[in-house]
file work27.pdb (PDB, C-alpha atoms)
ATOM      1  CA  MET A   1      55.321 -49.173 -20.645  1.00  0.00           C
ATOM      2  CA  SER A   2      55.985 -45.810 -19.045  1.00  0.00           C
ATOM      3  CA  PRO A   3      53.679 -44.444 -16.332  1.00  0.00           C
ATOM      4  CA  MET A   4      52.623 -41.577 -18.623  1.00  0.00           C
ATOM      5  CA  ARG A   5      51.593 -43.981 -21.390  1.00  0.00           C
ATOM      6  CA  LEU A   6      49.593 -45.999 -18.852  1.00  0.00           C
ATOM      7  CA  ILE A   7      47.828 -42.805 -17.750  1.00  0.00           C
ATOM      8  CA  PHE A   8      46.988 -41.910 -21.375  1.00  0.00           C
ATOM      9  CA  LEU A   9      45.671 -45.434 -21.979  1.00  0.00           C
ATOM     10  CA  ALA A  10      43.577 -45.381 -18.801  1.00  0.00           C
ATOM     11  CA  LEU A  11      42.132 -41.981 -19.741  1.00  0.00           C
ATOM     12  CA  ALA A  12      41.285 -43.212 -23.252  1.00  0.00           C
ATOM     13  CA  ILE A  13      39.458 -46.227 -21.819  1.00  0.00           C
ATOM     14  CA  TRP A  14      37.651 -44.086 -19.247  1.00  0.00           C
ATOM     15  CA  GLY A  15      36.849 -41.522 -21.950  1.00  0.00           C
ATOM     16  CA  ALA A  16      35.260 -44.267 -24.029  1.00  0.00           C
ATOM     17  CA  ILE A  17      33.270 -46.027 -21.316  1.00  0.00           C
ATOM     18  CA  HIS A  18      32.023 -43.280 -19.001  1.00  0.00           C
ATOM     19  CA  PRO A  19      30.414 -40.929 -21.569  1.00  0.00           C
ATOM     20  CA  MET A  20      29.040 -43.893 -23.540  1.00  0.00           C
ATOM     21  CA  TYR A  21      27.319 -45.163 -20.392  1.00  0.00           C
ATOM     22  CA  TRP A  22      25.427 -41.867 -20.113  1.00  0.00           C
ATOM     23  CA  PHE A  23      24.603 -41.750 -23.819  1.00  0.00           C
ATOM     24  CA  VAL A  24      23.196 -45.289 -23.763  1.00  0.00           C
ATOM     25  CA  THR A  25      21.326 -44.567 -20.521  1.00  0.00           C
ATOM     26  CA  HIS A  26      19.709 -41.513 -22.109  1.00  0.00           C
ATOM     27  CA  MET A  27      18.771 -43.379 -25.285  1.00  0.00           C
ATOM     28  CA  THR A  28      17.202 -46.278 -23.391  1.00  0.00           C
ATOM     29  CA  THR A  29      15.306 -44.206 -20.818  1.00  0.00           C
ATOM     30  CA  GLU A  30      14.166 -41.366 -23.093  1.00  0.00           C
ATOM     31  CA  GLY A  31      13.784 -43.326 -26.305  1.00  0.00           C
ATOM     32  CA  GLY A  32      14.428 -41.838 -29.693  1.00  0.00           C
ATOM     33  CA  GLY A  33      17.771 -43.560 -30.177  1.00  0.00           C
ATOM     34  CA  LEU A  34      20.676 -41.584 -31.581  1.00  0.00           C
ATOM     35  CA  GLY A  35      18.381 -38.926 -33.062  1.00  0.00           C
ATOM     36  CA  GLY A  36      16.855 -38.284 -29.646  1.00  0.00           C
ATOM     37  CA  LEU A  37      20.296 -38.049 -28.099  1.00  0.00           C
ATOM     38  CA  ILE A  38      21.428 -35.488 -30.664  1.00  0.00           C
ATOM     39  CA  ASP A  39      18.208 -33.499 -30.161  1.00  0.00           C
ATOM     40  CA  ALA A  40      18.956 -33.412 -26.416  1.00  0.00           C
ATOM     41  CA  TRP A  41      22.331 -31.828 -27.123  1.00  0.00           C
ATOM     42  CA  TYR A  42      20.504 -28.747 -28.451  1.00  0.00           C
ATOM     43  CA  VAL A  43      17.803 -28.460 -25.789  1.00  0.00           C
ATOM     44  CA  ASN A  44      19.091 -25.127 -24.424  1.00  0.00           C
ATOM     45  CA  ALA A  45      21.841 -22.561 -24.927  1.00  0.00           C
ATOM     46  CA  SER A  46      24.114 -24.215 -22.366  1.00  0.00           C
ATOM     47  CA  THR A  47      24.134 -27.626 -24.027  1.00  0.00           C
ATOM     48  CA  THR A  48      24.352 -26.085 -27.490  1.00  0.00           C
ATOM     49  CA  GLY A  49      27.413 -24.111 -26.388  1.00  0.00           C
ATOM     50  CA  LEU A  50      29.003 -27.270 -25.013  1.00  0.00           C
ATOM     51  CA  VAL A  51      28.343 -29.129 -28.280  1.00  0.00           C
ATOM     52  CA  TRP A  52      30.030 -26.334 -30.243  1.00  0.00           C
ATOM     53  CA  ASP A  53      32.918 -26.233 -27.776  1.00  0.00           C
ATOM     54  CA  LEU A  54      33.551 -29.954 -28.237  1.00  0.00           C
ATOM     55  CA  THR A  55      33.040 -29.762 -32.006  1.00  0.00           C
ATOM     56  CA  ILE A  56      35.655 -27.031 -32.394  1.00  0.00           C
ATOM     57  CA  ALA A  57      38.039 -28.952 -30.120  1.00  0.00           C
ATOM     58  CA  ALA A  58      37.466 -32.107 -32.194  1.00  0.00           C
ATOM     59  CA  ILE A  59      38.249 -30.267 -35.429  1.00  0.00           C
ATOM     60  CA  ALA A  60      41.404 -28.697 -33.965  1.00  0.00           C
ATOM     61  CA  LEU A  61      42.552 -32.079 -32.662  1.00  0.00           C
ATOM     62  CA  THR A  62      41.907 -33.686 -36.055  1.00  0.00           C
ATOM     63  CA  VAL A  63      43.985 -31.029 -37.842  1.00  0.00           C
ATOM     64  CA  TRP A  64      46.810 -31.566 -35.339  1.00  0.00           C
ATOM     65  CA  ILE A  65      46.700 -35.359 -35.695  1.00  0.00           C
ATOM     66  CA  VAL A  66      46.718 -35.235 -39.502  1.00  0.00           C
ATOM     67  CA  ALA A  67      49.565 -32.684 -39.575  1.00  0.00           C
ATOM     68  CA  GLU A  68      51.689 -34.699 -37.167  1.00  0.00           C
ATOM     69  CA  ALA A  69      50.888 -38.025 -38.833  1.00  0.00           C
ATOM     70  CA  LEU A  70      52.088 -36.635 -42.147  1.00  0.00           C
ATOM     71  CA  GLU A  71      55.215 -35.104 -40.624  1.00  0.00           C
ATOM     72  CA  ARG A  72      56.112 -38.094 -38.459  1.00  0.00           C
ATOM     73  CA  ARG A  73      54.806 -40.743 -40.887  1.00  0.00           C
ATOM     74  CA  ASP A  74      52.895 -42.246 -37.989  1.00  0.00           C
ATOM     75  CA  TRP A  75      49.865 -43.670 -39.756  1.00  0.00           C
ATOM     76  CA  LEU A  76      48.617 -45.636 -36.735  1.00  0.00           C
ATOM     77  CA  ALA A  77      48.021 -42.340 -34.929  1.00  0.00           C
ATOM     78  CA  LEU A  78      45.248 -41.633 -37.446  1.00  0.00           C
ATOM     79  CA  ALA A  79      43.196 -44.289 -35.601  1.00  0.00           C
ATOM     80  CA  ALA A  80      42.427 -41.618 -33.009  1.00  0.00           C
ATOM     81  CA  ILE A  81      40.325 -39.657 -35.518  1.00  0.00           C
ATOM     82  CA  PRO A  82      37.413 -42.130 -35.680  1.00  0.00           C
ATOM     83  CA  ALA A  83      37.566 -42.335 -31.883  1.00  0.00           C
ATOM     84  CA  ILE A  84      37.114 -38.554 -31.701  1.00  0.00           C
ATOM     85  CA  TYR A  85      33.947 -38.529 -33.819  1.00  0.00           C
ATOM     86  CA  CYS A  86      32.441 -41.913 -32.909  1.00  0.00           C
ATOM     87  CA  ILE A  87      33.146 -41.815 -29.175  1.00  0.00           C
ATOM     88  CA  GLY A  88      34.309 -38.321 -28.242  1.00  0.00           C
ATOM     89  CA  VAL A  89      37.235 -36.037 -27.578  1.00  0.00           C
ATOM     90  CA  SER A  90      37.456 -37.591 -24.094  1.00  0.00           C
ATOM     91  CA  CYS A  91      38.605 -40.824 -25.743  1.00  0.00           C
ATOM     92  CA  GLY A  92      40.273 -39.512 -28.914  1.00  0.00           C
ATOM     93  CA  LEU A  93      42.718 -37.094 -27.286  1.00  0.00           C
ATOM     94  CA  PRO A  94      44.206 -39.490 -24.710  1.00  0.00           C
ATOM     95  CA  LEU A  95      44.216 -42.273 -27.332  1.00  0.00           C
ATOM     96  CA  TYR A  96      46.220 -40.045 -29.669  1.00  0.00           C
ATOM     97  CA  LEU A  97      48.651 -39.120 -26.885  1.00  0.00           C
ATOM     98  CA  PHE A  98      49.029 -42.820 -26.056  1.00  0.00           C
ATOM     99  CA  LEU A  99      49.745 -43.690 -29.701  1.00  0.00           C
ATOM    100  CA  ARG A 100      52.023 -40.677 -30.195  1.00  0.00           C
ATOM    101  CA  SER A 101      54.177 -41.600 -27.197  1.00  0.00           C
ATOM    102  CA  ARG A 102      55.118 -45.045 -28.514  1.00  0.00           C
ATOM    103  CA  PRO A 103      58.875 -45.568 -28.272  1.00  0.00           C
ATOM    104  CA  GLY A 104      60.765 -45.295 -31.547  1.00  0.00           C
ATOM    105  CA  VAL A 105      57.831 -43.908 -33.531  1.00  0.00           C
ATOM    106  CA  GLY A 106      57.550 -40.644 -35.353  1.00  0.00           C
ATOM    107  CA  THR A 107      60.906 -39.336 -36.300  1.00  0.00           C
ATOM    108  CA  ALA A 108      60.443 -36.217 -38.388  1.00  0.00           C
ATOM    109  CA  ARG A 109      61.218 -36.256 -42.110  1.00  0.00           C
ATOM    110  CA  THR A 110      64.484 -34.784 -43.184  1.00  0.00           C
ATOM    111  CA  ALA A 111      64.622 -32.392 -46.120  1.00  0.00           C
TER     112      ALA A 111
END
call {"tool": "encode", "arguments": {"input": "work27.pdb", "output": "structure tokens"}}
result
Amino acid sequence: MSPMRLIFLALAIWGAIHPMYWFVTHMTTEGGGLGGLIDAWYVNASTTGLVWDLTIAAIALTVWIVAEALERRDWLALAAIPAIYCIGVSCGLPLYLFLRSRPGVGTARTA
């Protein structure tokens, strides 16, 4: 495996574990579960702006993944989409880059 693929994989793992640690910590210390966590995302203008920033980035990344998956016929790359919305962009983007950089995958369709 190339060094770049290892970096993408490491970032995907880090992007899954590190934010989730803070989400779980918040939910257990503050209570309220997932609903309480989501409420905390809108507690002030700064956090609301960050939520919208990440939401727009997630949508743009999803459009890119779907477009490339269709063009390259790389259906496994679609696995990054649930990671984006269930874990976060910090996991979904490097996971997609890891999947996209597989050797021998994703030759474009010919007309």
call {"tool": "residues_around", "arguments": {"input": "work27.pdb", "residues": "region 48-59 of chain A", "least_positions_apart": "5", "cutoff": "7 Å", "atoms": "only C-alpha atoms", "output": "tab-separated table (two decimals) with C-alpha atoms, in the frame of the given file"}}
result
chain	number	residue	atom	x	y	z
A	41	TRP	CA	22.33	-31.83	-27.12
A	42	TYR	CA	20.50	-28.75	-28.45
A	84	ILE	CA	37.11	-38.55	-31.70
A	89	VAL	CA	37.24	-36.04	-27.58
call {"tool": "atom_distance", "arguments": {"input": "work27.pdb", "atom1": "CA of Leu99 (chain A)", "atom2": "CA of Tyr21 (chain A)"}}
result
24.3 Å
call {"tool": "atom_distance", "arguments": {"input": "work27.pdb", "atom1": "CA of Trp75 (chain A)", "atom2": "CA of Ser101 (chain A)"}}
result
13.4 Å
call {"tool": "resolve_selection", "arguments": {"input": "work27.pdb", "expression": "the PyMOL selection byres ((chain A and resi 100) around 10)", "output": "VMD selection string"}}
result
chain A and resid 5 65 68 to 69 72 74 76 to 78 94 to 99 101 to 106
call {"tool": "axis_aligned_box", "arguments": {"input": "work27.pdb", "around": "region 71-78 of chain A", "padding_each_side": "3 Å", "output": "lines of an AutoDock Vina configuration file"}}
result
center_x = 50.7
center_y = -40.4
center_z = -37.9
size_x = 16.9
size_y = 16.5
size_z = 12.0
call {"tool": "resolve_selection", "arguments": {"input": "work27.pdb", "expression": "the PyMOL selection byres ((chain A and resi 88) around 10)", "output": "list in words"}}
result
Ala12, Gly15, Ala16, Pro19, Met20, Leu54, Thr55, Ala58, Ala80, Ile81, Pro82, Ala83, Ile84, Tyr85, Cys86, Ile87, Val89, Ser90, Cys91, Gly92 and Leu93 of chain A
call {"tool": "build_atoms", "arguments": {"input": "work27.pdb", "residues": "region 80-106 of chain A", "atoms": "N, CA, C and O atoms", "output": "CSV table (one decimal), keeping the file's coordinate frame"}}
result
chain,number,residue,atom,x,y,z
A,80,ALA,N,43.1,-42.5,-34.0
A,80,ALA,CA,42.4,-41.6,-33.0
A,80,ALA,C,41.3,-40.8,-33.6
A,80,ALA,O,40.4,-40.4,-32.9
A,81,ILE,N,41.3,-40.5,-34.9
A,81,ILE,CA,40.3,-39.7,-35.5
A,81,ILE,C,38.9,-40.3,-35.5
A,81,ILE,O,38.0,-39.6,-35.0
A,82,PRO,N,38.8,-41.5,-35.8
A,82,PRO,CA,37.4,-42.1,-35.7
A,82,PRO,C,37.0,-42.2,-34.2
A,82,PRO,O,35.8,-42.0,-33.9
A,83,ALA,N,37.9,-42.3,-33.3
A,83,ALA,CA,37.6,-42.3,-31.9
A,83,ALA,C,37.0,-41.0,-31.5
A,83,ALA,O,36.1,-40.9,-30.7
A,84,ILE,N,37.6,-39.9,-32.0
A,84,ILE,CA,37.1,-38.6,-31.7
A,84,ILE,C,35.7,-38.4,-32.1
A,84,ILE,O,34.8,-37.9,-31.3
A,85,TYR,N,35.3,-38.8,-33.3
A,85,TYR,CA,33.9,-38.5,-33.8
A,85,TYR,C,32.9,-39.6,-33.5
A,85,TYR,O,31.7,-39.3,-33.5
A,86,CYS,N,33.4,-40.8,-33.2
A,86,CYS,CA,32.4,-41.9,-32.9
A,86,CYS,C,32.3,-42.1,-31.4
A,86,CYS,O,31.2,-42.6,-31.0
A,87,ILE,N,33.2,-41.7,-30.6
A,87,ILE,CA,33.1,-41.8,-29.2
A,87,ILE,C,33.2,-40.4,-28.5
A,87,ILE,O,32.3,-40.1,-27.8
A,88,GLY,N,34.2,-39.7,-28.8
A,88,GLY,CA,34.3,-38.3,-28.2
A,88,GLY,C,35.7,-37.9,-28.0
A,88,GLY,O,36.7,-38.7,-28.1
A,89,VAL,N,35.9,-36.6,-27.8
A,89,VAL,CA,37.2,-36.0,-27.6
A,89,VAL,C,37.8,-36.7,-26.3
A,89,VAL,O,39.0,-36.8,-26.2
A,90,SER,N,37.0,-37.0,-25.4
A,90,SER,CA,37.5,-37.6,-24.1
A,90,SER,C,38.2,-38.9,-24.3
A,90,SER,O,39.0,-39.3,-23.5
A,91,CYS,N,37.9,-39.6,-25.4
A,91,CYS,CA,38.6,-40.8,-25.7
A,91,CYS,C,39.7,-40.5,-26.8
A,91,CYS,O,40.8,-41.0,-26.7
A,92,GLY,N,39.4,-39.7,-27.8
A,92,GLY,CA,40.3,-39.5,-28.9
A,92,GLY,C,41.6,-38.8,-28.5
A,92,GLY,O,42.6,-39.2,-29.0
A,93,LEU,N,41.5,-37.8,-27.7
A,93,LEU,CA,42.7,-37.1,-27.3
A,93,LEU,C,43.7,-38.0,-26.5
A,93,LEU,O,44.8,-38.1,-26.9
A,94,PRO,N,43.2,-38.6,-25.4
A,94,PRO,CA,44.2,-39.5,-24.7
A,94,PRO,C,44.7,-40.7,-25.6
A,94,PRO,O,45.8,-41.1,-25.4
A,95,LEU,N,43.8,-41.2,-26.4
A,95,LEU,CA,44.2,-42.3,-27.3
A,95,LEU,C,45.3,-41.8,-28.3
A,95,LEU,O,46.3,-42.5,-28.4
A,96,TYR,N,45.2,-40.6,-28.8
A,96,TYR,CA,46.2,-40.0,-29.7
A,96,TYR,C,47.5,-39.9,-28.9
A,96,TYR,O,48.6,-40.2,-29.4
A,97,LEU,N,47.4,-39.3,-27.7
A,97,LEU,CA,48.7,-39.1,-26.9
A,97,LEU,C,49.3,-40.5,-26.5
A,97,LEU,O,50.5,-40.6,-26.5
A,98,PHE,N,48.5,-41.5,-26.3
A,98,PHE,CA,49.0,-42.8,-26.1
A,98,PHE,C,49.8,-43.3,-27.3
A,98,PHE,O,50.9,-43.8,-27.2
A,99,LEU,N,49.1,-43.2,-28.5
A,99,LEU,CA,49.7,-43.7,-29.7
A,99,LEU,C,51.0,-42.9,-30.1
A,99,LEU,O,52.0,-43.4,-30.5
A,100,ARG,N,50.9,-41.6,-29.9
A,100,ARG,CA,52.0,-40.7,-30.2
A,100,ARG,C,53.3,-40.9,-29.3
A,100,ARG,O,54.4,-40.7,-29.8
A,101,SER,N,53.1,-41.4,-28.1
A,101,SER,CA,54.2,-41.6,-27.2
A,101,SER,C,54.8,-43.0,-27.3
A,101,SER,O,55.6,-43.3,-26.4
A,102,ARG,N,54.5,-43.7,-28.3
A,102,ARG,CA,55.1,-45.0,-28.5
A,102,ARG,C,56.6,-44.9,-28.7
A,102,ARG,O,57.0,-44.0,-29.5
A,103,PRO,N,57.4,-45.7,-28.1
A,103,PRO,CA,58.9,-45.6,-28.3
A,103,PRO,C,59.3,-45.9,-29.7
A,103,PRO,O,58.7,-46.8,-30.4
A,104,GLY,N,60.2,-45.0,-30.2
A,104,GLY,CA,60.8,-45.3,-31.5
A,104,GLY,C,59.9,-44.9,-32.7
A,104,GLY,O,60.1,-45.3,-33.8
A,105,VAL,N,58.8,-44.2,-32.5
A,105,VAL,CA,57.8,-43.9,-33.5
A,105,VAL,C,57.9,-42.4,-33.8
A,105,VAL,O,58.0,-41.6,-32.8
A,106,GLY,N,57.8,-42.0,-35.0
A,106,GLY,CA,57.6,-40.6,-35.4
A,106,GLY,C,58.8,-39.8,-35.5
A,106,GLY,O,58.7,-38.6,-35.0
